[in-house]
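**Student:** This is data.txt (compact mmCIF, C-alpha atoms and all ligand atoms).
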```
# COMPACT_ATOMS: atom_id res chain seq x y z
CA MET A 16 -191.57 198.21 81.19
CA ARG A 17 -190.77 196.99 77.69
CA GLU A 18 -192.92 193.92 78.35
CA VAL A 19 -195.73 196.06 79.75
CA ARG A 20 -195.57 198.24 76.66
CA VAL A 21 -195.91 195.17 74.41
CA ALA A 22 -198.80 193.83 76.52
CA LEU A 23 -200.64 197.14 76.24
CA LEU A 24 -200.08 197.41 72.50
CA GLU A 25 -201.19 193.80 72.00
CA ALA A 26 -204.34 194.60 73.97
CA ASP A 27 -205.01 197.36 71.43
CA VAL A 28 -204.38 200.33 73.71
CA ALA A 29 -203.79 203.54 71.70
CA LEU A 30 -200.11 204.49 71.40
CA PRO A 31 -200.31 207.91 73.14
CA VAL A 32 -202.14 206.24 76.03
CA VAL A 33 -199.45 203.55 76.22
CA LYS A 34 -196.73 206.19 76.34
CA SER A 35 -198.30 208.26 79.09
CA PHE A 36 -199.19 205.13 81.03
CA ILE A 37 -195.62 203.79 80.94
CA LYS A 38 -194.31 207.16 82.05
CA LYS A 39 -196.63 207.25 85.05
CA ALA A 40 -196.02 203.61 85.99
CA LYS A 41 -192.24 204.11 85.75
CA ALA A 42 -192.37 207.16 88.00
CA LYS A 43 -194.34 205.15 90.55
CA ALA A 44 -192.17 202.02 90.35
CA VAL A 45 -188.82 203.77 90.74
CA GLY A 46 -188.11 204.26 94.40
CA THR A 47 -191.00 202.07 95.54
CA GLU A 48 -189.98 199.83 98.37
CA VAL A 49 -190.21 196.14 97.48
CA LEU A 50 -192.49 194.22 99.84
CA LYS A 51 -190.66 191.45 101.67
CA SER A 52 -193.01 188.72 100.45
CA ILE A 53 -192.48 189.34 96.72
CA ASN A 54 -189.57 189.90 94.32
CA PRO A 55 -188.87 193.15 92.44
CA GLY A 56 -190.44 191.80 89.21
CA GLN A 57 -193.68 190.98 90.97
CA MET A 58 -193.56 194.40 92.63
CA VAL A 59 -193.43 196.09 89.22
CA ILE A 60 -196.42 194.04 88.07
CA LYS A 61 -198.30 195.17 91.18
CA VAL A 62 -197.45 198.83 90.49
CA VAL A 63 -198.59 198.43 86.86
CA HIS A 64 -201.78 196.64 87.90
CA ASP A 65 -202.66 199.34 90.43
CA GLN A 66 -201.92 202.04 87.87
CA LEU A 67 -204.22 200.28 85.38
CA VAL A 68 -207.04 200.12 87.92
CA GLU A 69 -206.55 203.79 88.76
CA THR A 70 -206.63 204.79 85.08
CA LEU A 71 -209.70 202.64 84.39
CA GLY A 72 -211.53 204.42 87.20
CA SER A 73 -211.48 203.15 90.73
CA GLU A 74 -214.59 205.06 91.82
CA SER A 75 -218.07 203.53 91.75
CA GLN A 76 -219.42 202.93 88.27
CA GLU A 77 -222.98 202.23 89.33
CA LEU A 78 -225.96 203.35 87.32
CA ASN A 79 -227.60 206.42 88.78
CA LEU A 80 -231.18 205.75 89.81
CA ILE A 81 -231.53 208.76 92.07
CA ALA A 82 -234.06 211.08 90.47
CA VAL A 83 -237.79 211.70 90.61
CA PRO A 84 -239.34 208.74 88.80
CA PRO A 85 -239.59 207.96 86.02
CA VAL A 86 -235.80 208.01 85.81
CA VAL A 87 -234.83 208.38 82.15
CA TYR A 88 -231.95 206.49 80.58
CA MET A 89 -231.10 207.55 77.05
CA MET A 90 -229.11 205.11 74.95
CA VAL A 91 -226.96 206.56 72.18
CA GLY A 92 -224.41 205.15 69.75
CA LEU A 93 -223.78 204.05 66.21
CA GLN A 94 -225.85 201.49 64.37
CA GLY A 95 -224.61 197.97 65.04
CA SER A 96 -222.79 198.90 68.25
CA GLY A 97 -225.23 196.78 70.26
CA LYS A 98 -227.47 199.63 71.43
CA THR A 99 -230.84 197.88 71.22
CA THR A 100 -229.47 194.67 72.75
CA SER A 101 -227.87 196.68 75.57
CA THR A 102 -231.13 198.56 76.16
CA ALA A 103 -232.93 195.26 76.72
CA LYS A 104 -230.05 193.89 78.83
CA ILE A 105 -230.06 196.92 81.13
CA ALA A 106 -233.87 196.88 81.38
CA LYS A 107 -233.71 193.21 82.37
CA TYR A 108 -230.95 193.88 84.90
CA LEU A 109 -232.87 196.75 86.51
CA THR A 110 -236.06 194.66 86.61
CA GLU A 111 -234.52 191.51 88.02
CA LYS A 112 -231.65 192.79 90.15
CA GLN A 113 -232.89 196.20 91.25
CA ASN A 114 -236.60 195.43 91.41
CA LYS A 115 -237.54 198.34 89.15
CA LYS A 116 -240.56 198.70 86.90
CA VAL A 117 -239.01 199.48 83.53
CA MET A 118 -240.44 200.64 80.22
CA MET A 119 -238.49 200.61 76.95
CA ALA A 120 -239.19 202.80 73.94
CA SER A 121 -237.53 202.75 70.52
CA LEU A 122 -236.99 206.18 68.99
CA ASP A 123 -235.40 204.76 65.87
CA VAL A 124 -237.78 205.73 63.09
CA ARG A 125 -235.14 205.41 60.38
CA ARG A 126 -234.25 201.73 60.42
CA PRO A 127 -237.52 200.01 59.47
CA ALA A 128 -237.21 197.02 61.79
CA ALA A 129 -235.72 198.84 64.79
CA GLN A 130 -238.91 199.50 66.73
CA GLU A 131 -240.10 195.98 66.04
CA GLN A 132 -236.73 194.57 67.26
CA LEU A 133 -237.17 196.25 70.64
CA ARG A 134 -240.78 195.10 70.86
CA VAL A 135 -239.68 191.49 70.32
CA LEU A 136 -236.93 191.83 72.96
CA GLY A 137 -239.57 193.22 75.32
CA GLU A 138 -241.76 190.20 74.69
CA GLN A 139 -238.84 187.84 75.33
CA THR A 140 -237.96 189.46 78.62
CA GLY A 141 -241.44 190.38 79.79
CA ILE A 142 -240.53 194.05 79.86
CA THR A 143 -243.09 196.62 78.74
CA THR A 144 -242.38 198.47 75.50
CA LEU A 145 -244.13 201.64 74.46
CA PRO A 146 -246.72 200.77 71.79
CA ILE A 147 -245.53 201.72 68.30
CA VAL A 148 -247.36 204.60 66.62
CA GLU A 149 -246.50 204.87 62.94
CA GLY A 150 -245.31 208.24 61.70
CA GLN A 151 -244.24 209.71 65.07
CA GLN A 152 -240.91 211.50 65.28
CA PRO A 153 -238.27 210.74 67.97
CA VAL A 154 -239.03 213.76 70.18
CA GLU A 155 -242.75 212.99 70.08
CA ILE A 156 -242.08 209.36 70.98
CA ALA A 157 -239.87 210.44 73.90
CA LYS A 158 -242.63 212.74 75.15
CA ARG A 159 -245.23 209.97 74.86
CA ALA A 160 -242.94 207.50 76.65
CA LEU A 161 -242.43 209.84 79.58
CA GLN A 162 -246.12 210.68 79.88
CA SER A 163 -247.13 207.07 79.67
CA ALA A 164 -244.50 206.00 82.24
CA ARG A 165 -245.59 208.75 84.63
CA LEU A 166 -249.25 207.76 84.38
CA GLN A 167 -248.55 204.07 84.81
CA GLY A 168 -246.05 204.43 87.65
CA PHE A 169 -242.89 203.18 85.94
CA ASP A 170 -239.59 203.69 87.78
CA VAL A 171 -237.35 203.83 84.72
CA VAL A 172 -237.86 204.68 81.05
CA MET A 173 -235.21 203.56 78.59
CA LEU A 174 -235.05 205.49 75.34
CA ASP A 175 -233.30 203.60 72.55
CA THR A 176 -232.34 206.31 70.07
CA ALA A 177 -231.49 205.88 66.39
CA GLY A 178 -227.97 205.10 65.28
CA ARG A 179 -226.19 205.67 61.98
CA LEU A 180 -223.30 203.93 60.31
CA HIS A 181 -221.18 207.04 60.92
CA VAL A 182 -221.50 210.09 63.11
CA ASP A 183 -223.43 212.69 61.11
CA GLU A 184 -224.95 216.07 61.80
CA GLN A 185 -228.55 214.91 61.53
CA LEU A 186 -227.96 212.18 64.10
CA MET A 187 -226.37 214.65 66.51
CA VAL A 188 -229.16 217.23 66.14
CA GLU A 189 -231.82 214.56 66.69
CA MET A 190 -229.97 213.22 69.73
CA GLN A 191 -229.68 216.68 71.28
CA ALA A 192 -233.39 217.36 70.72
CA VAL A 193 -234.36 214.11 72.46
CA HIS A 194 -231.90 214.88 75.26
CA SER A 195 -233.38 218.29 75.99
CA GLU A 196 -236.93 216.94 75.80
CA SER A 197 -236.34 214.03 78.18
CA ALA A 198 -233.61 215.36 80.53
CA PRO A 199 -232.08 211.92 81.11
CA THR A 200 -230.42 210.94 84.39
CA GLU A 201 -228.06 208.70 82.44
CA THR A 202 -227.00 209.16 78.84
CA LEU A 203 -225.27 205.90 78.05
CA LEU A 204 -223.07 205.68 75.00
CA VAL A 205 -222.84 202.18 73.55
CA VAL A 206 -219.60 201.37 71.73
CA ASP A 207 -218.29 198.21 70.13
CA SER A 208 -215.02 197.35 71.89
CA LEU A 209 -213.82 195.38 68.86
CA THR A 210 -213.57 198.59 66.84
CA GLY A 211 -210.72 199.73 69.13
CA GLN A 212 -209.46 203.22 68.36
CA ASP A 213 -212.54 203.96 66.21
CA ALA A 214 -214.73 203.43 69.25
CA VAL A 215 -212.67 206.04 71.11
CA ASN A 216 -213.04 208.53 68.23
CA VAL A 217 -216.78 207.93 68.11
CA ALA A 218 -217.03 208.48 71.86
CA GLN A 219 -215.17 211.78 71.56
CA GLN A 220 -217.60 212.96 68.88
CA PHE A 221 -220.67 212.04 70.92
CA LYS A 222 -219.22 213.59 74.06
CA GLU A 223 -218.74 216.91 72.31
CA ARG A 224 -222.46 217.09 71.57
CA VAL A 225 -224.20 215.55 74.54
CA ASP A 226 -223.41 214.99 78.21
CA VAL A 227 -222.42 211.30 78.17
CA THR A 228 -222.71 210.03 81.76
CA GLY A 229 -221.44 206.53 81.12
CA ILE A 230 -220.14 204.13 78.53
CA VAL A 231 -221.35 200.62 77.74
CA MET A 232 -218.69 198.60 75.95
CA THR A 233 -220.09 195.69 73.99
CA ARG A 234 -218.46 192.58 72.53
CA ILE A 235 -215.91 192.46 75.30
CA ASP A 236 -216.33 188.68 74.86
CA GLY A 237 -214.55 188.98 71.50
CA ASP A 238 -210.88 188.90 70.64
CA GLY A 239 -209.85 192.30 72.01
CA ARG A 240 -208.13 192.03 75.36
CA GLY A 241 -209.83 195.01 76.91
CA GLY A 242 -207.26 197.60 75.85
CA ALA A 243 -210.01 199.65 74.26
CA ALA A 244 -211.42 200.22 77.74
CA LEU A 245 -208.16 201.80 78.88
CA SER A 246 -207.93 204.11 75.85
CA MET A 247 -211.61 204.95 76.19
CA ARG A 248 -211.34 205.99 79.81
CA GLU A 249 -208.05 207.86 79.44
CA ILE A 250 -209.00 209.79 76.31
CA THR A 251 -212.68 210.57 76.95
CA GLY A 252 -212.63 210.73 80.76
CA CYS A 253 -216.12 209.14 80.76
CA PRO A 254 -216.74 206.36 83.26
CA ILE A 255 -217.22 202.91 81.77
CA LYS A 256 -220.28 201.54 83.53
CA LEU A 257 -221.21 198.26 81.89
CA LEU A 258 -219.78 195.57 79.65
CA GLY A 259 -221.64 193.49 77.10
CA THR A 260 -220.17 190.02 77.21
CA GLY A 261 -222.30 188.15 74.67
CA GLU A 262 -225.45 188.17 72.59
CA LYS A 263 -227.72 186.77 75.30
CA LEU A 264 -229.74 189.21 77.36
CA ASP A 265 -228.15 188.26 80.66
CA GLU A 266 -224.64 188.71 79.28
CA LEU A 267 -224.11 192.08 80.90
CA GLU A 268 -221.53 192.85 83.57
CA VAL A 269 -221.03 195.78 85.86
CA PHE A 270 -217.60 197.21 85.01
CA HIS A 271 -214.83 196.08 87.36
CA PRO A 272 -211.52 197.86 86.66
CA ASP A 273 -209.47 195.10 88.31
CA ARG A 274 -210.90 192.40 86.04
CA ILE A 275 -210.03 194.37 82.92
CA ALA A 276 -206.59 195.17 84.35
CA ASN A 277 -205.91 191.43 84.74
CA ARG A 278 -207.17 190.79 81.24
CA ILE A 279 -204.89 193.44 79.75
CA LEU A 280 -201.86 192.13 81.60
CA GLY A 281 -202.72 188.61 80.40
P1 LIG B 301 -227.76 198.41 67.36
O1 LIG B 301 -227.88 198.61 65.88
O2 LIG B 301 -226.70 199.29 67.94
O3 LIG B 301 -229.03 198.53 68.08
O4 LIG B 301 -227.19 196.93 67.56
P2 LIG B 301 -227.93 195.59 68.00
O5 LIG B 301 -228.33 195.68 69.44
O6 LIG B 301 -228.98 195.24 67.01
O7 LIG B 301 -226.72 194.55 67.94
C1 LIG B 301 -226.05 194.20 66.75
C2 LIG B 301 -225.55 192.77 66.87
O8 LIG B 301 -224.55 192.68 67.89
C3 LIG B 301 -226.61 191.77 67.26
O9 LIG B 301 -226.44 190.60 66.50
C4 LIG B 301 -226.36 191.50 68.75
O10 LIG B 301 -226.77 190.21 69.13
C5 LIG B 301 -224.86 191.66 68.81
N1 LIG B 301 -224.36 192.05 70.15
C6 LIG B 301 -224.79 193.08 70.92
N2 LIG B 301 -224.08 193.14 72.07
C7 LIG B 301 -223.18 192.13 72.04
C8 LIG B 301 -222.13 191.68 72.95
O11 LIG B 301 -221.89 192.22 74.02
N3 LIG B 301 -221.40 190.59 72.52
C9 LIG B 301 -221.64 189.96 71.33
N4 LIG B 301 -220.88 188.91 71.03
N5 LIG B 301 -222.58 190.36 70.47
C10 LIG B 301 -223.36 191.43 70.80
```
Let me see whether you can do it: turn the structure in this file into structure tokens.
**Tutor:**
Amino acid sequence: MREVRVALLEADVALPVVKSFIKKAKAKAVGTEVLKSINPGQMVIKVVHDQLVETLGSESQELNLIAVPPVVYMMVGLQGSGKTTSTAKIAKYLTEKQNKKVMMASLDVRRPAAQEQLRVLGEQTGITTLPIVEGQQPVEIAKRALQSARLQGFDVVMLDTAGRLHVDEQLMVEMQAVHSESAPTETLLVVDSLTGQDAVNVAQQFKERVDVTGIVMTRIDGDGRGGAALSMREITGCPIKLLGTGEKLDELEVFHPDRIANRILG
């Protein structure tokens, strides 16, 4: 258990999560019968692995597409977390793997190049983006996106909302207004896994203000060993649905708890 504790801490799992995890794993391991084919050490690893998978969420993490079309996905998160990239990645995934007709719309009227960035990503992937109308506010853009998608028979509309460098009141109010206007089926929070505990704090703050239905963890290709995913799930209780594994638009993975468990155990 001492080794497991070190492995978890090295993988950047938050200390309170490590403590409660060790407690649970210990309770499970003690008294467990050792399978004939393996030794007690391997048995402990198996118990720890299974406990990791359970904590990370063993239920289905699939994106919910069951709603009257157009199904709305609202993307939220801080600036720089990988929100716009993830919007395009998910749109591409839904188009290519799920055969859906997807429209993307940028609601970020604050960062000058944001709407243009999504338009360019749309061009690269061949996915429709809502035409930019200068001077429109986020709620108006959301309304226009939904209307346009309805008229043109789109299956999914992805709303890429504005981010900020830090969580602030204005951001939260704007996000809530867009949420009540568009009634999204999925509200996906994008967090940068490399920011570790900060990402968990950010998620908590977003969750308090809007019904986050899933988390997208980006930069899982970086140095972190996936411990942030464990803290994220344990502390926020939100399912992790997707992982961003690189800058390219096909570097998106459906979340598999067992893969992350193996990565954490090293
Ligand atoms: P936004 O401000 O939240 O919309 O962030 P962007 O989507 O513009 O992403 C910020 C930077 O992170 C860009 O350079 C992206 O290419 C990069 N990025 C996004 N997702 C990933 C990822 O999963 N892995 C890596 N390595 N880079 C990513």
**Student:** What is the CA of Lys115 in chain A-CA of Leu71 in chain A distance in Å, reported with one decimal?
**Tutor:**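 One can read the CA of Lys115 in chain A to CA of Leu71 in chain A distance as 28.6 Å.
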**Student:** For a quick check of understanding, using only C-alpha atoms, which of A:Ala157, A:Leu245, A:Ala106, A:Ile60 has the smallest distance to Ile142 in chain A?
**Tutor:**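 Selected residue with least distance to Ile142 in chain A: A:Ala106.
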**Student:** Using all atoms listed in the file, find each protein or nucleic acid residue lying at most 6 Å from ligand LIG 301 (chain B); present the set as a VMD selection string.
**Tutor:** chain A and resid 93 to 100 233 to 234 236 259 to 262
**Student:** Restricting the calculation to only C-alpha atoms: of A:Val217, A:Leu174, A:Leu280, A:Leu267, which residue gets closest to Glu201 in chain A?
**Tutor:**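 Closest candidate: A:Leu174.
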**Student:** Where does range 172-257 of chain A meet range 25-35 of chain A within 9 Å, residue by residue, with the nearest atom pair and distance in Å to one decimal for each, counting only C-alpha atoms, listed by chain and rising number, as JSON lines?
**Tutor:**
```
{"residue": "A:Gly211", "atom": "CA", "partner": "A:Asp27", "partner_atom": "CA", "distance": 6.6}
{"residue": "A:Gln212", "atom": "CA", "partner": "A:Ala29", "partner_atom": "CA", "distance": 6.6}
{"residue": "A:Gly239", "atom": "CA", "partner": "A:Ala26", "partner_atom": "CA", "distance": 6.3}
{"residue": "A:Arg240", "atom": "CA", "partner": "A:Ala26", "partner_atom": "CA", "distance": 4.8}
{"residue": "A:Gly241", "atom": "CA", "partner": "A:Ala26", "partner_atom": "CA", "distance": 6.2}
{"residue": "A:Gly242", "atom": "CA", "partner": "A:Val28", "partner_atom": "CA", "distance": 4.5}
{"residue": "A:Ala243", "atom": "CA", "partner": "A:Val28", "partner_atom": "CA", "distance": 5.7}
{"residue": "A:Ala244", "atom": "CA", "partner": "A:Val28", "partner_atom": "CA", "distance": 8.1}
{"residue": "A:Leu245", "atom": "CA", "partner": "A:Val28", "partner_atom": "CA", "distance": 6.6}
{"residue": "A:Ser246", "atom": "CA", "partner": "A:Val28", "partner_atom": "CA", "distance": 5.6}
{"residue": "A:Met247", "atom": "CA", "partner": "A:Val28", "partner_atom": "CA", "distance": 8.9}
{"residue": "A:Glu249", "atom": "CA", "partner": "A:Val32", "partner_atom": "CA", "distance": 7.0}
{"residue": "A:Ile250", "atom": "CA", "partner": "A:Val32", "partner_atom": "CA", "distance": 7.7}
```
**Student:** Would you please work out which residue, of A:His271, A:Gly72, A:Lys61, A:Val171, is nearest to Arg248 in chain A when using all atoms listed in the file?
**Tutor:** A:Gly72
**Student:** So how far away is CA of Pro85 in chain A from CA of Asp123 in chain A, in Å?
**Tutor:** 20.8 Å
**Student:** If you measure from CA of Met173 in chain A to CA of Val154 in chain A, what distance in Å do you get, rounded to one decimal?
**Tutor:**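 These two atoms are separated by 13.8 Å.
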**Student:** So which residues touch range 38-50 of chain A within 7 Å, counting all atoms listed in the file, skipping near sequence neighbours fewer than 5 positions away, as an MDAnalysis selection string?
**Tutor:** chainID A and resid 55 58:59 62:63 66
**Student:** Go through A:Ala82, A:Met119, A:Leu161, A:Asp226 one by one, measure the shortest atom-to-atom distance of each to Ser197 in chain A using all atoms listed in the file, and give the residue with the smallest value.
**Tutor:**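 With all atoms listed in the file as the atom set, the closest residue is A:Leu161.
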**Student:** Pick out the closest residue to Ile235 in chain A from this set: A:Asp213, A:Glu223, A:Asp265, A:Asp207. Count only C-alpha atoms.
**Tutor:** A:Asp207
**Student:** Pick out the residues sitting within 8 Å of Ala276 in chain A, and hand them over as JSON, numbers by chain; count all atoms listed in the file, and ignore anything fewer than 4 positions along from it in its own chain.
**Tutor:** {"A": [64, 67, 68, 272, 280]}
**Student:** What does the file look like for those residues with C-alpha atoms, as a PDB file, keeping the file's coordinate frame?
**Tutor:**
```pdb
ATOM      1  CA  HIS A  64    -201.780 196.640  87.900  1.00  0.00           C
ATOM      2  CA  LEU A  67    -204.220 200.280  85.380  1.00  0.00           C
ATOM      3  CA  VAL A  68    -207.040 200.120  87.920  1.00  0.00           C
ATOM      4  CA  PRO A 272    -211.520 197.860  86.660  1.00  0.00           C
ATOM      5  CA  LEU A 280    -201.860 192.130  81.600  1.00  0.00           C
TER       6      LEU A 280
END
```
**Student:** Name the closest residue to Ala160 in chain A among the candidates A:Asp183, A:Glu18, A:Glu77, A:Glu196; distances are taken between atoms, counting only C-alpha atoms.
**Tutor:**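 Using only C-alpha atoms, Ala160 in chain A sits closest to A:Glu196.
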**Student:** Which residues, written as number ranges by chain, have at least one atom at most 12 Å from Val83 in chain A, with all atoms listed in the file counted and residues fewer than 5 positions away on the same chain left out?
**Tutor:** A: 165, 168-172, 198-200
**Student:** Counting all atoms listed in the file, write as number ranges by chain all protein and nucleic acid residues lying at most 7 Å from (-217.0, 202.9, 88.7) in the file's frame.
**Tutor:** A: 72-77, 254-256, 270
**Student:** List every protein, DNA or RNA residue with an atom no more than 12 Å from (-238.9, 195.0, 68.4) in the file's coordinates, counting only C-alpha atoms, and format the result as a ChimeraX atom specification.
**Tutor:** /A:99-100,102-103,119-123,126-140,142-147,175
